[in-house]
file model_30.cif (mmCIF, C-alpha atoms, pLDDT in the B column; chains and numbers go by the auth columns)
data_upload
#
loop_
_atom_site.group_PDB
_atom_site.id
_atom_site.type_symbol
_atom_site.label_atom_id
_atom_site.label_comp_id
_atom_site.label_asym_id
_atom_site.label_seq_id
_atom_site.Cartn_x
_atom_site.Cartn_y
_atom_site.Cartn_z
_atom_site.B_iso_or_equiv
_atom_site.auth_seq_id
_atom_site.auth_asym_id
ATOM 1 C CA MET A 1 -53.249 115.204 35.514 78.00 886 D
ATOM 2 C CA SER A 2 -51.340 112.350 33.881 92.00 887 D
ATOM 3 C CA LEU A 3 -50.633 109.362 36.138 97.00 888 D
ATOM 4 C CA LEU A 4 -49.194 106.945 33.561 98.00 889 D
ATOM 5 C CA GLU A 5 -47.582 108.139 30.353 98.00 890 D
ATOM 6 C CA LEU A 6 -46.032 106.085 27.561 98.00 891 D
ATOM 7 C CA GLN A 7 -43.987 107.532 24.740 98.00 892 D
ATOM 8 C CA GLY A 8 -42.623 105.262 22.046 98.00 893 D
ATOM 9 C CA LEU A 9 -42.900 102.049 24.079 98.00 894 D
ATOM 10 C CA SER A 10 -41.595 99.026 22.169 98.00 895 D
ATOM 11 C CA ALA A 11 -41.413 95.514 23.614 98.00 896 D
ATOM 12 C CA GLY A 12 -41.473 91.867 22.659 96.00 897 D
ATOM 13 C CA TYR A 13 -40.079 88.417 23.328 96.00 898 D
ATOM 14 C CA GLY A 14 -36.485 87.768 22.324 92.00 899 D
ATOM 15 C CA PRO A 15 -36.049 88.741 18.675 93.00 900 D
ATOM 16 C CA VAL A 16 -39.801 89.109 18.133 96.00 901 D
ATOM 17 C CA GLN A 17 -40.975 92.692 18.595 97.00 902 D
ATOM 18 C CA VAL A 18 -44.684 92.936 19.450 98.00 903 D
ATOM 19 C CA LEU A 19 -45.168 96.575 20.422 98.00 904 D
ATOM 20 C CA HIS A 20 -43.980 99.298 18.061 98.00 905 D
ATOM 21 C CA GLY A 21 -43.764 102.788 19.541 97.00 906 D
ATOM 22 C CA ILE A 22 -46.872 102.920 21.745 98.00 907 D
ATOM 23 C CA ASP A 23 -47.998 106.360 22.936 97.00 908 D
ATOM 24 C CA LEU A 24 -50.665 106.278 25.659 96.00 909 D
ATOM 25 C CA ARG A 25 -51.635 108.058 28.851 96.00 910 D
ATOM 26 C CA VAL A 26 -53.895 107.338 31.791 98.00 911 D
ATOM 27 C CA ASP A 27 -54.945 110.275 33.939 97.00 912 D
ATOM 28 C CA GLN A 28 -55.464 110.042 37.677 96.00 913 D
ATOM 29 C CA GLY A 29 -58.733 108.277 38.452 96.00 914 D
ATOM 30 C CA GLN A 30 -59.341 107.468 34.785 97.00 915 D
ATOM 31 C CA VAL A 31 -60.419 104.134 33.303 97.00 916 D
ATOM 32 C CA THR A 32 -58.776 103.589 29.921 97.00 917 D
ATOM 33 C CA VAL A 33 -59.823 100.651 27.754 96.00 918 D
ATOM 34 C CA VAL A 34 -57.470 98.895 25.328 96.00 919 D
ATOM 35 C CA LEU A 35 -59.271 97.257 22.404 92.00 920 D
ATOM 36 C CA GLY A 36 -57.804 95.034 19.733 90.00 921 D
ATOM 37 C CA ALA A 37 -58.002 91.621 18.120 87.00 922 D
ATOM 38 C CA ASN A 38 -56.097 88.616 19.426 88.00 923 D
ATOM 39 C CA GLY A 39 -52.410 89.117 18.726 91.00 924 D
ATOM 40 C CA ALA A 40 -52.640 92.911 18.687 94.00 925 D
ATOM 41 C CA GLY A 41 -50.228 93.217 21.620 96.00 926 D
ATOM 42 C CA LYS A 42 -52.636 93.982 24.456 96.00 927 D
ATOM 43 C CA THR A 43 -51.262 91.450 26.947 96.00 928 D
ATOM 44 C CA THR A 44 -47.692 92.351 25.992 97.00 929 D
ATOM 45 C CA LEU A 45 -48.490 95.977 26.805 98.00 930 D
ATOM 46 C CA LEU A 46 -49.550 95.131 30.366 97.00 931 D
ATOM 47 C CA ARG A 47 -46.570 92.824 30.859 97.00 932 D
ATOM 48 C CA ALA A 48 -44.190 95.576 29.822 97.00 933 D
ATOM 49 C CA LEU A 49 -45.835 98.045 32.194 98.00 934 D
ATOM 50 C CA SER A 50 -45.640 95.670 35.154 96.00 935 D
ATOM 51 C CA GLY A 51 -42.001 94.753 34.523 96.00 936 D
ATOM 52 C CA ILE A 52 -42.568 91.156 33.423 96.00 937 D
ATOM 53 C CA ILE A 53 -40.855 91.813 30.093 96.00 938 D
ATOM 54 C CA LYS A 54 -38.368 94.480 29.094 95.00 939 D
ATOM 55 C CA GLY A 55 -39.243 97.451 26.918 96.00 940 D
ATOM 56 C CA THR A 56 -37.670 100.498 25.374 97.00 941 D
ATOM 57 C CA GLY A 57 -38.955 104.031 25.083 98.00 942 D
ATOM 58 C CA THR A 58 -40.288 106.142 27.923 97.00 943 D
ATOM 59 C CA VAL A 59 -42.784 105.005 30.561 98.00 944 D
ATOM 60 C CA THR A 60 -43.432 107.188 33.597 98.00 945 D
ATOM 61 C CA PHE A 61 -45.754 106.656 36.538 98.00 946 D
ATOM 62 C CA ASP A 62 -46.421 109.850 38.485 96.00 947 D
ATOM 63 C CA GLY A 63 -43.193 111.171 36.992 95.00 948 D
ATOM 64 C CA ILE A 64 -41.118 108.096 37.925 97.00 949 D
ATOM 65 C CA SER A 65 -39.525 106.032 35.149 97.00 950 D
ATOM 66 C CA LEU A 66 -40.707 102.404 35.122 97.00 951 D
ATOM 67 C CA LEU A 67 -38.598 100.764 32.426 96.00 952 D
ATOM 68 C CA GLY A 68 -35.801 98.659 33.875 94.00 953 D
ATOM 69 C CA ARG A 69 -37.426 98.338 37.299 96.00 954 D
ATOM 70 C CA PRO A 70 -38.244 94.821 38.560 95.00 955 D
ATOM 71 C CA SER A 71 -41.880 93.851 39.016 94.00 956 D
ATOM 72 C CA GLU A 72 -41.802 94.090 42.811 92.00 957 D
ATOM 73 C CA LYS A 73 -40.472 97.653 42.681 95.00 958 D
ATOM 74 C CA ILE A 74 -43.180 98.637 40.216 96.00 959 D
ATOM 75 C CA ALA A 75 -45.819 97.102 42.495 93.00 960 D
ATOM 76 C CA ALA A 76 -44.420 99.039 45.443 92.00 961 D
ATOM 77 C CA LEU A 77 -44.954 102.287 43.524 95.00 962 D
ATOM 78 C CA GLY A 78 -48.701 101.590 43.451 95.00 963 D
ATOM 79 C CA ILE A 79 -49.390 99.477 40.350 97.00 964 D
ATOM 80 C CA SER A 80 -51.237 96.150 40.597 96.00 965 D
ATOM 81 C CA HIS A 81 -51.619 93.674 37.736 96.00 966 D
ATOM 82 C CA VAL A 82 -54.492 91.187 37.353 95.00 967 D
ATOM 83 C CA PRO A 83 -53.137 88.833 34.674 92.00 968 D
ATOM 84 C CA GLN A 84 -55.079 86.846 32.152 86.00 969 D
ATOM 85 C CA GLY A 85 -55.998 83.538 33.773 75.00 970 D
ATOM 86 C CA ARG A 86 -56.254 85.193 37.225 69.00 971 D
ATOM 87 C CA GLY A 87 -53.124 83.667 38.789 75.00 972 D
ATOM 88 C CA THR A 88 -54.621 82.813 42.179 84.00 973 D
ATOM 89 C CA PHE A 89 -52.862 80.349 44.489 88.00 974 D
ATOM 90 C CA ASP A 90 -55.204 77.389 44.177 91.00 975 D
ATOM 91 C CA ASP A 91 -53.990 75.479 47.236 92.00 976 D
ATOM 92 C CA MET A 92 -54.322 78.463 49.535 95.00 977 D
ATOM 93 C CA SER A 93 -57.521 79.732 51.125 96.00 978 D
ATOM 94 C CA VAL A 94 -59.342 82.783 49.858 95.00 979 D
ATOM 95 C CA GLU A 95 -58.212 84.805 52.859 94.00 980 D
ATOM 96 C CA ASP A 96 -54.591 83.711 52.543 94.00 981 D
ATOM 97 C CA ASN A 97 -54.647 84.748 48.875 93.00 982 D
ATOM 98 C CA LEU A 98 -55.877 88.175 49.923 93.00 983 D
ATOM 99 C CA ARG A 99 -53.244 88.482 52.627 90.00 984 D
ATOM 100 C CA VAL A 100 -50.554 87.745 50.044 88.00 985 D
ATOM 101 C CA GLY A 101 -51.805 90.811 48.191 85.00 986 D
ATOM 102 C CA ALA A 102 -51.261 92.907 51.324 81.00 987 D
ATOM 103 C CA TYR A 103 -47.691 91.851 51.991 75.00 988 D
ATOM 104 C CA LEU A 104 -46.484 95.452 51.641 62.00 989 D
ATOM 105 C CA ARG A 105 -48.918 96.752 54.256 63.00 990 D
ATOM 106 C CA PRO A 106 -48.840 96.718 58.072 62.00 991 D
ATOM 107 C CA GLN A 107 -51.050 94.008 59.579 62.00 992 D
ATOM 108 C CA HIS A 108 -53.636 96.413 61.026 60.00 993 D
ATOM 109 C CA GLN A 109 -54.082 98.043 57.613 69.00 994 D
ATOM 110 C CA ALA A 110 -54.421 94.646 55.951 69.00 995 D
ATOM 111 C CA LYS A 111 -57.317 93.800 58.274 76.00 996 D
ATOM 112 C CA GLY A 112 -59.171 96.946 57.229 80.00 997 D
ATOM 113 C CA ALA A 113 -58.556 96.164 53.564 84.00 998 D
ATOM 114 C CA LEU A 114 -59.888 92.622 54.029 88.00 999 D
ATOM 115 C CA ASP A 115 -63.117 93.947 55.502 88.00 1000 D
ATOM 116 C CA ARG A 116 -63.480 96.455 52.688 89.00 1001 D
ATOM 117 C CA TRP A 117 -63.195 93.921 49.861 91.00 1002 D
ATOM 118 C CA TYR A 118 -65.279 91.337 51.664 92.00 1003 D
ATOM 119 C CA ASP A 119 -68.017 93.968 51.763 91.00 1004 D
ATOM 120 C CA LEU A 120 -67.708 94.542 48.015 88.00 1005 D
ATOM 121 C CA PHE A 121 -67.430 90.821 47.194 91.00 1006 D
ATOM 122 C CA PRO A 122 -69.622 89.040 49.774 92.00 1007 D
ATOM 123 C CA ARG A 123 -69.128 85.705 48.008 92.00 1008 D
ATOM 124 C CA LEU A 124 -65.476 85.872 49.006 95.00 1009 D
ATOM 125 C CA ALA A 125 -66.433 86.541 52.605 95.00 1010 D
ATOM 126 C CA ASP A 126 -68.650 83.440 52.581 95.00 1011 D
ATOM 127 C CA ARG A 127 -65.768 81.374 51.206 95.00 1012 D
ATOM 128 C CA ARG A 128 -62.864 82.930 53.093 95.00 1013 D
ATOM 129 C CA ASN A 129 -61.642 79.557 54.427 96.00 1014 D
ATOM 130 C CA GLN A 130 -62.219 77.685 51.167 96.00 1015 D
ATOM 131 C CA GLN A 131 -59.353 76.779 48.831 95.00 1016 D
ATOM 132 C CA ALA A 132 -59.139 79.198 45.911 94.00 1017 D
ATOM 133 C CA GLY A 133 -58.911 76.346 43.399 92.00 1018 D
ATOM 134 C CA SER A 134 -62.390 75.151 44.366 94.00 1019 D
ATOM 135 C CA LEU A 135 -64.064 78.477 43.520 93.00 1020 D
ATOM 136 C CA SER A 136 -66.069 79.083 40.372 91.00 1021 D
ATOM 137 C CA GLY A 137 -64.454 81.046 37.545 89.00 1022 D
ATOM 138 C CA GLY A 138 -66.333 84.186 38.502 89.00 1023 D
ATOM 139 C CA GLU A 139 -65.358 83.865 42.148 91.00 1024 D
ATOM 140 C CA GLN A 140 -61.726 83.359 41.192 92.00 1025 D
ATOM 141 C CA GLN A 141 -61.828 86.533 39.105 91.00 1026 D
ATOM 142 C CA MET A 142 -63.309 88.443 42.042 91.00 1027 D
ATOM 143 C CA LEU A 143 -60.534 87.040 44.237 94.00 1028 D
ATOM 144 C CA ALA A 144 -57.837 88.085 41.751 94.00 1029 D
ATOM 145 C CA ILE A 145 -59.226 91.628 41.599 94.00 1030 D
ATOM 146 C CA ALA A 146 -59.630 91.897 45.372 93.00 1031 D
ATOM 147 C CA ARG A 147 -56.102 90.596 45.937 93.00 1032 D
ATOM 148 C CA ALA A 148 -54.707 93.185 43.511 94.00 1033 D
ATOM 149 C CA LEU A 149 -56.587 95.887 45.418 93.00 1034 D
ATOM 150 C CA MET A 150 -55.331 94.878 48.864 92.00 1035 D
ATOM 151 C CA PRO A 151 -52.300 97.216 48.743 90.00 1036 D
ATOM 152 C CA GLU A 152 -54.565 100.097 47.620 91.00 1037 D
ATOM 153 C CA PRO A 153 -52.857 100.690 44.263 95.00 1038 D
ATOM 154 C CA ARG A 154 -53.217 103.927 42.352 96.00 1039 D
ATOM 155 C CA LEU A 155 -53.342 102.035 39.045 98.00 1040 D
ATOM 156 C CA LEU A 156 -54.910 98.651 38.318 98.00 1041 D
ATOM 157 C CA LEU A 157 -53.891 96.737 35.177 98.00 1042 D
ATOM 158 C CA LEU A 158 -56.562 94.231 34.112 97.00 1043 D
ATOM 159 C CA ASP A 159 -56.008 91.636 31.384 95.00 1044 D
ATOM 160 C CA GLU A 160 -59.276 90.234 29.994 92.00 1045 D
ATOM 161 C CA PRO A 161 -61.271 90.194 33.260 91.00 1046 D
ATOM 162 C CA SER A 162 -64.271 88.612 31.473 89.00 1047 D
ATOM 163 C CA LEU A 163 -62.295 85.671 30.027 86.00 1048 D
ATOM 164 C CA GLY A 164 -64.183 82.408 30.512 83.00 1049 D
ATOM 165 C CA LEU A 165 -67.029 83.958 32.512 88.00 1050 D
ATOM 166 C CA ALA A 166 -70.767 83.606 31.959 88.00 1051 D
ATOM 167 C CA PRO A 167 -72.502 86.803 30.751 89.00 1052 D
ATOM 168 C CA ASN A 168 -74.240 87.534 34.053 90.00 1053 D
ATOM 169 C CA THR A 169 -70.989 87.022 35.975 89.00 1054 D
ATOM 170 C CA THR A 170 -69.153 89.268 33.519 90.00 1055 D
ATOM 171 C CA ARG A 171 -71.713 91.996 34.135 91.00 1056 D
ATOM 172 C CA MET A 172 -71.269 91.662 37.899 90.00 1057 D
ATOM 173 C CA VAL A 173 -67.462 91.899 37.596 90.00 1058 D
ATOM 174 C CA PHE A 174 -67.646 95.041 35.464 92.00 1059 D
ATOM 175 C CA ASP A 175 -70.246 96.622 37.716 92.00 1060 D
ATOM 176 C CA SER A 176 -67.834 96.022 40.601 92.00 1061 D
ATOM 177 C CA LEU A 177 -64.940 97.589 38.680 94.00 1062 D
ATOM 178 C CA GLY A 178 -67.027 100.657 37.942 94.00 1063 D
ATOM 179 C CA ARG A 179 -67.987 100.960 41.589 93.00 1064 D
ATOM 180 C CA ILE A 180 -64.351 100.562 42.710 94.00 1065 D
ATOM 181 C CA ASN A 181 -63.277 103.341 40.373 95.00 1066 D
ATOM 182 C CA GLU A 182 -66.051 105.663 41.539 94.00 1067 D
ATOM 183 C CA GLU A 183 -65.550 105.014 45.256 92.00 1068 D
ATOM 184 C CA THR A 184 -61.753 104.834 45.467 93.00 1069 D
ATOM 185 C CA GLY A 185 -60.554 106.811 42.452 95.00 1070 D
ATOM 186 C CA THR A 186 -58.299 103.924 41.432 97.00 1071 D
ATOM 187 C CA ALA A 187 -57.178 104.432 37.837 98.00 1072 D
ATOM 188 C CA MET A 188 -57.478 101.399 35.553 98.00 1073 D
ATOM 189 C CA LEU A 189 -56.021 100.220 32.271 98.00 1074 D
ATOM 190 C CA VAL A 190 -58.352 97.490 31.040 97.00 1075 D
ATOM 191 C CA VAL A 191 -57.588 95.059 28.215 94.00 1076 D
ATOM 192 C CA GLU A 192 -60.882 93.476 27.241 89.00 1077 D
ATOM 193 C CA GLN A 193 -62.594 91.649 24.374 83.00 1078 D
ATOM 194 C CA ASN A 194 -66.069 92.526 25.681 84.00 1079 D
ATOM 195 C CA ALA A 195 -65.975 96.046 24.296 86.00 1080 D
ATOM 196 C CA HIS A 196 -69.573 96.820 25.284 85.00 1081 D
ATOM 197 C CA LEU A 197 -68.986 96.489 29.020 87.00 1082 D
ATOM 198 C CA ALA A 198 -65.451 97.864 28.983 89.00 1083 D
ATOM 199 C CA LEU A 199 -66.500 101.046 27.201 92.00 1084 D
ATOM 200 C CA GLU A 200 -69.350 101.494 29.684 91.00 1085 D
ATOM 201 C CA ILE A 201 -66.938 101.918 32.602 93.00 1086 D
ATOM 202 C CA GLY A 202 -64.144 103.548 30.593 94.00 1087 D
ATOM 203 C CA SER A 203 -63.811 107.235 29.851 95.00 1088 D
ATOM 204 C CA ALA A 204 -60.988 106.824 27.324 96.00 1089 D
ATOM 205 C CA ALA A 205 -60.032 104.101 24.868 95.00 1090 D
ATOM 206 C CA VAL A 206 -57.289 103.112 22.461 94.00 1091 D
ATOM 207 C CA LEU A 207 -57.327 100.608 19.615 93.00 1092 D
ATOM 208 C CA LEU A 208 -54.271 98.443 18.975 94.00 1093 D
ATOM 209 C CA GLU A 209 -53.512 96.738 15.685 94.00 1094 D
ATOM 210 C CA ALA A 210 -50.315 94.768 15.134 95.00 1095 D
ATOM 211 C CA GLY A 211 -48.676 96.387 18.151 97.00 1096 D
ATOM 212 C CA ARG A 212 -49.471 99.973 17.187 97.00 1097 D
ATOM 213 C CA VAL A 213 -52.069 102.466 18.400 96.00 1098 D
ATOM 214 C CA VAL A 214 -54.258 103.149 15.384 93.00 1099 D
ATOM 215 C CA SER A 215 -56.983 105.120 17.131 92.00 1100 D
ATOM 216 C CA SER A 216 -57.592 106.799 20.479 94.00 1101 D
ATOM 217 C CA GLY A 217 -60.133 109.103 22.064 94.00 1102 D
ATOM 218 C CA THR A 218 -62.980 109.103 24.522 94.00 1103 D
ATOM 219 C CA SER A 219 -65.059 105.964 24.914 93.00 1104 D
ATOM 220 C CA ASP A 220 -67.997 107.729 23.287 91.00 1105 D
ATOM 221 C CA GLU A 221 -65.858 108.735 20.309 91.00 1106 D
ATOM 222 C CA LEU A 222 -64.670 105.215 19.633 89.00 1107 D
ATOM 223 C CA ARG A 223 -68.121 103.785 20.284 86.00 1108 D
ATOM 224 C CA GLY A 224 -69.509 106.174 17.682 86.00 1109 D
ATOM 225 C CA ARG A 225 -67.156 105.061 14.906 86.00 1110 D
ATOM 226 C CA GLU A 226 -68.778 102.721 12.411 85.00 1111 D
ATOM 227 C CA ASP A 227 -65.669 100.580 11.830 83.00 1112 D
ATOM 228 C CA ILE A 228 -65.213 99.996 15.551 83.00 1113 D
ATOM 229 C CA ARG A 229 -68.903 99.292 16.059 81.00 1114 D
ATOM 230 C CA ARG A 230 -68.813 96.630 13.369 80.00 1115 D
ATOM 231 C CA ALA A 231 -65.542 95.033 14.457 77.00 1116 D
ATOM 232 C CA TYR A 232 -65.926 95.123 18.241 78.00 1117 D
ATOM 233 C CA LEU A 233 -69.528 95.950 19.118 73.00 1118 D
ATOM 234 C CA GLY A 234 -71.335 93.795 16.564 66.00 1119 D
ATOM 235 C CA TYR A 235 -73.655 96.342 15.000 59.00 1120 D
#
call {"tool": "encode", "arguments": {"input": "model_30.cif", "output": "C-alpha cells"}}
result
Amino acid sequence: MSLLELQGLSAGYGPVQVLHGIDLRVDQGQVTVVLGANGAGKTTLLRALSGIIKGTGTVTFDGISLLGRPSEKIAALGISHVPQGRGTFDDMSVEDNLRVGAYLRPQHQAKGALDRWYDLFPRLADRRNQQAGSLSGGEQQMLAIARALMPEPRLLLLDEPSLGLAPNTTRMVFDSLGRINEETGTAMLVVEQNAHLALEIGSAAVLLEAGRVVSSGTSDELRGREDIRRAYLGY
C-alpha cells in the first residue's frame, strides 16, 4: 500500500527550477533509495517533501496532501527529516537533543523512546550528558537519526547519511538503518552517494538526472544495470 506518492512534483529556488515533474512512491515499510550525481536534485526533493521549499504538483502522504503545509505540520503527520550536515544542536547535550525530537510526545512516552534508541545506539547512552558538538562525526549522525526517530515517524527522510564518515562508521550507520526498518517498519527515503550500502538496505530505487527520474525499479534491477554499475557502483 502506498504511503508517500508524488505525481509531477516540480520545485526549485526562486526562478531556478530544480525538479521537473517527479513521479515517485514509497510503500508502507519500504526503503526507497534515490541515486544521482551532485546537482541532480536529490536534496531539493527531500526539502520539498518536508516543507522547507515550495513545490507544485501532487504529493500525498497516507492520502493527505503535503504541498503548502508548513514543516511542523508535515512533521506532525509522521514524517521526520535528517538533513545533510546532521543539524544537531551543538551546545546542547545528547539527551536534550533527543528530547527536542520528542516535543510532540507526552513525557512518559518520550522516556520510553529514549531508552529504545539508547539501546540501539549505546554510544549515545554513554555520552548522554556530553555536548553534541563534541561528538565524532559518526556519533553526531547517530544522534541526528535517533532524534528524528523520537516521535516514531512513519517515514524517515535521510539526506546523505554517510557524508563525511569513515567507511567502518558508514557501515555501522547503514546496518542500524536496516535494523530500524526491520524492527519498526519505518519507511525510508534515502538520498545517498554510497550506492553499495544504500541498495543493500533498499528494496526500491530511483535514479535522478537533472531533476528528472530517468530510471526506477527494484534495488536488484538497478544494481543489475551495467550503466548504473559503472557510474555508481564502480564496476
call {"tool": "closest_residue", "arguments": {"input": "model_30.cif", "among": "D:Leu1040, D:Leu1028, D:Leu934, D:Leu999", "to": "Val1058 of chain D", "atoms": "all atoms listed in the file"}}
result
D:Leu1028
call {"tool": "closest_atom_pairs", "arguments": {"input": "model_30.cif", "of": "segment 1023-1050 of chain D", "to": "segment 1079-1097 of chain D", "cutoff": "12 Å", "atoms": "only C-alpha atoms", "output": "Markdown table"}}
result
| residue | atom | partner | partner_atom | distance |
| --- | --- | --- | --- | --- |
| D:Leu1043 | CA | D:Ala1083 | CA | 10.9 |
| D:Asp1044 | CA | D:Ala1083 | CA | 11.6 |
| D:Glu1045 | CA | D:Asn1079 | CA | 8.4 |
| D:Pro1046 | CA | D:Asn1079 | CA | 9.3 |
| D:Ser1047 | CA | D:Asn1079 | CA | 7.2 |
| D:Leu1048 | CA | D:Asn1079 | CA | 9.0 |
| D:Gly1049 | CA | D:Asn1079 | CA | 11.4 |
| D:Leu1050 | CA | D:Asn1079 | CA | 11.0 |
call {"tool": "resolve_selection", "arguments": {"input": "model_30.cif", "expression": "the PyMOL selection byres ((chain D and resi 956-962) around 9)", "output": "MDAnalysis selection string"}}
result
chainID D and resid 934:937 946 949 951 954:955 963:966 989 1036 1038:1039
call {"tool": "residues_around", "arguments": {"input": "model_30.cif", "residues": "Thr943 of chain D", "least_positions_apart": "4", "cutoff": "12 Å", "atoms": "all atoms listed in the file", "output": "PyMOL selection string"}}
result
chain D and resi 889-896+906-910+933-934+939+948-953
call {"tool": "closest_residue", "arguments": {"input": "model_30.cif", "among": "D:Met977, D:Arg1108, D:Val1098, D:Gln1016", "to": "Gly926 of chain D", "atoms": "only C-alpha atoms"}}
result
D:Val1098
call {"tool": "closest_residue", "arguments": {"input": "model_30.cif", "among": "D:Ala1116, D:Gly1018, D:Asp975, D:Gly914", "to": "Glu1068 of chain D", "atoms": "all atoms listed in the file"}}
result
D:Gly914
call {"tool": "residues_around", "arguments": {"input": "model_30.cif", "residues": "Ala998 of chain D", "least_positions_apart": "6", "cutoff": "10 Å", "atoms": "all atoms listed in the file", "output": "mmCIF file with C-alpha atoms, keeping the file's coordinate frame"}}
result
data_model
loop_
_atom_site.group_PDB
_atom_site.id
_atom_site.type_symbol
_atom_site.label_atom_id
_atom_site.label_comp_id
_atom_site.auth_asym_id
_atom_site.auth_seq_id
_atom_site.Cartn_x
_atom_site.Cartn_y
_atom_site.Cartn_z
ATOM 1 C CA LEU D 983 -55.877 88.175 49.923
ATOM 2 C CA ARG D 984 -53.244 88.482 52.627
ATOM 3 C CA ALA D 987 -51.261 92.907 51.324
ATOM 4 C CA ARG D 990 -48.918 96.752 54.256
ATOM 5 C CA GLN D 992 -51.050 94.008 59.579
ATOM 6 C CA ASP D 1004 -68.017 93.968 51.763
ATOM 7 C CA ALA D 1031 -59.630 91.897 45.372
ATOM 8 C CA ARG D 1032 -56.102 90.596 45.937
ATOM 9 C CA LEU D 1034 -56.587 95.887 45.418
ATOM 10 C CA MET D 1035 -55.331 94.878 48.864
ATOM 11 C CA PRO D 1036 -52.300 97.216 48.743
ATOM 12 C CA GLU D 1037 -54.565 100.097 47.620
#
call {"tool": "atom_distance", "arguments": {"input": "model_30.cif", "atom1": "atom CA of Ala1072 of chain D", "atom2": "atom CA of Gln913 of chain D"}}
result
5.9 Å
call {"tool": "closest_residue", "arguments": {"input": "model_30.cif", "among": "D:Gly899, D:Pro968, D:Gly924, D:Pro1007", "to": "Leu1074 of chain D", "atoms": "only C-alpha atoms"}}
result
D:Pro968
call {"tool": "closest_residue", "arguments": {"input": "model_30.cif", "among": "D:Thr1069, D:Ser1100, D:Thr973, D:Gln1078", "to": "Thr1055 of chain D", "atoms": "all atoms listed in the file"}}
result
D:Gln1078
call {"tool": "atom_distance", "arguments": {"input": "model_30.cif", "atom1": "atom CA of Thr1071 of chain D", "atom2": "atom CA of Leu1107 of chain D"}}
result
22.7 Å
call {"tool": "residues_around", "arguments": {"input": "model_30.cif", "residues": "Leu1020 of chain D", "least_positions_apart": "2", "cutoff": "12 Å", "atoms": "only C-alpha atoms", "output": "PDB file with C-alpha atoms, in the coordinates of the input"}}
result
ATOM      1  CA  THR D 973     -54.621  82.813  42.179  1.00 84.00           C
ATOM      2  CA  PHE D 974     -52.862  80.349  44.489  1.00 88.00           C
ATOM      3  CA  ASP D 975     -55.204  77.389  44.177  1.00 91.00           C
ATOM      4  CA  ASP D 976     -53.990  75.479  47.236  1.00 92.00           C
ATOM      5  CA  MET D 977     -54.322  78.463  49.535  1.00 95.00           C
ATOM      6  CA  SER D 978     -57.521  79.732  51.125  1.00 96.00           C
ATOM      7  CA  VAL D 979     -59.342  82.783  49.858  1.00 95.00           C
ATOM      8  CA  ARG D1008     -69.128  85.705  48.008  1.00 92.00           C
ATOM      9  CA  LEU D1009     -65.476  85.872  49.006  1.00 95.00           C
ATOM     10  CA  ASP D1011     -68.650  83.440  52.581  1.00 95.00           C
ATOM     11  CA  ARG D1012     -65.768  81.374  51.206  1.00 95.00           C
ATOM     12  CA  ARG D1013     -62.864  82.930  53.093  1.00 95.00           C
ATOM     13  CA  ASN D1014     -61.642  79.557  54.427  1.00 96.00           C
ATOM     14  CA  GLN D1015     -62.219  77.685  51.167  1.00 96.00           C
ATOM     15  CA  GLN D1016     -59.353  76.779  48.831  1.00 95.00           C
ATOM     16  CA  ALA D1017     -59.139  79.198  45.911  1.00 94.00           C
ATOM     17  CA  GLY D1018     -58.911  76.346  43.399  1.00 92.00           C
ATOM     18  CA  GLY D1022     -64.454  81.046  37.545  1.00 89.00           C
ATOM     19  CA  GLY D1023     -66.333  84.186  38.502  1.00 89.00           C
ATOM     20  CA  GLU D1024     -65.358  83.865  42.148  1.00 91.00           C
ATOM     21  CA  GLN D1025     -61.726  83.359  41.192  1.00 92.00           C
ATOM     22  CA  GLN D1026     -61.828  86.533  39.105  1.00 91.00           C
ATOM     23  CA  MET D1027     -63.309  88.443  42.042  1.00 91.00           C
ATOM     24  CA  LEU D1028     -60.534  87.040  44.237  1.00 94.00           C
ATOM     25  CA  ALA D1029     -57.837  88.085  41.751  1.00 94.00           C
TER      26      ALA D1029
END
call {"tool": "atom_distance", "arguments": {"input": "model_30.cif", "atom1": "atom CA of Ser1104 of chain D", "atom2": "atom CA of Leu1118 of chain D"}}
result
12.4 Å
call {"tool": "closest_residue", "arguments": {"input": "model_30.cif", "among": "D:Val919, D:Ala925, D:Leu931, D:Met886", "to": "Gly1102 of chain D", "atoms": "only C-alpha atoms"}}
result
D:Val919
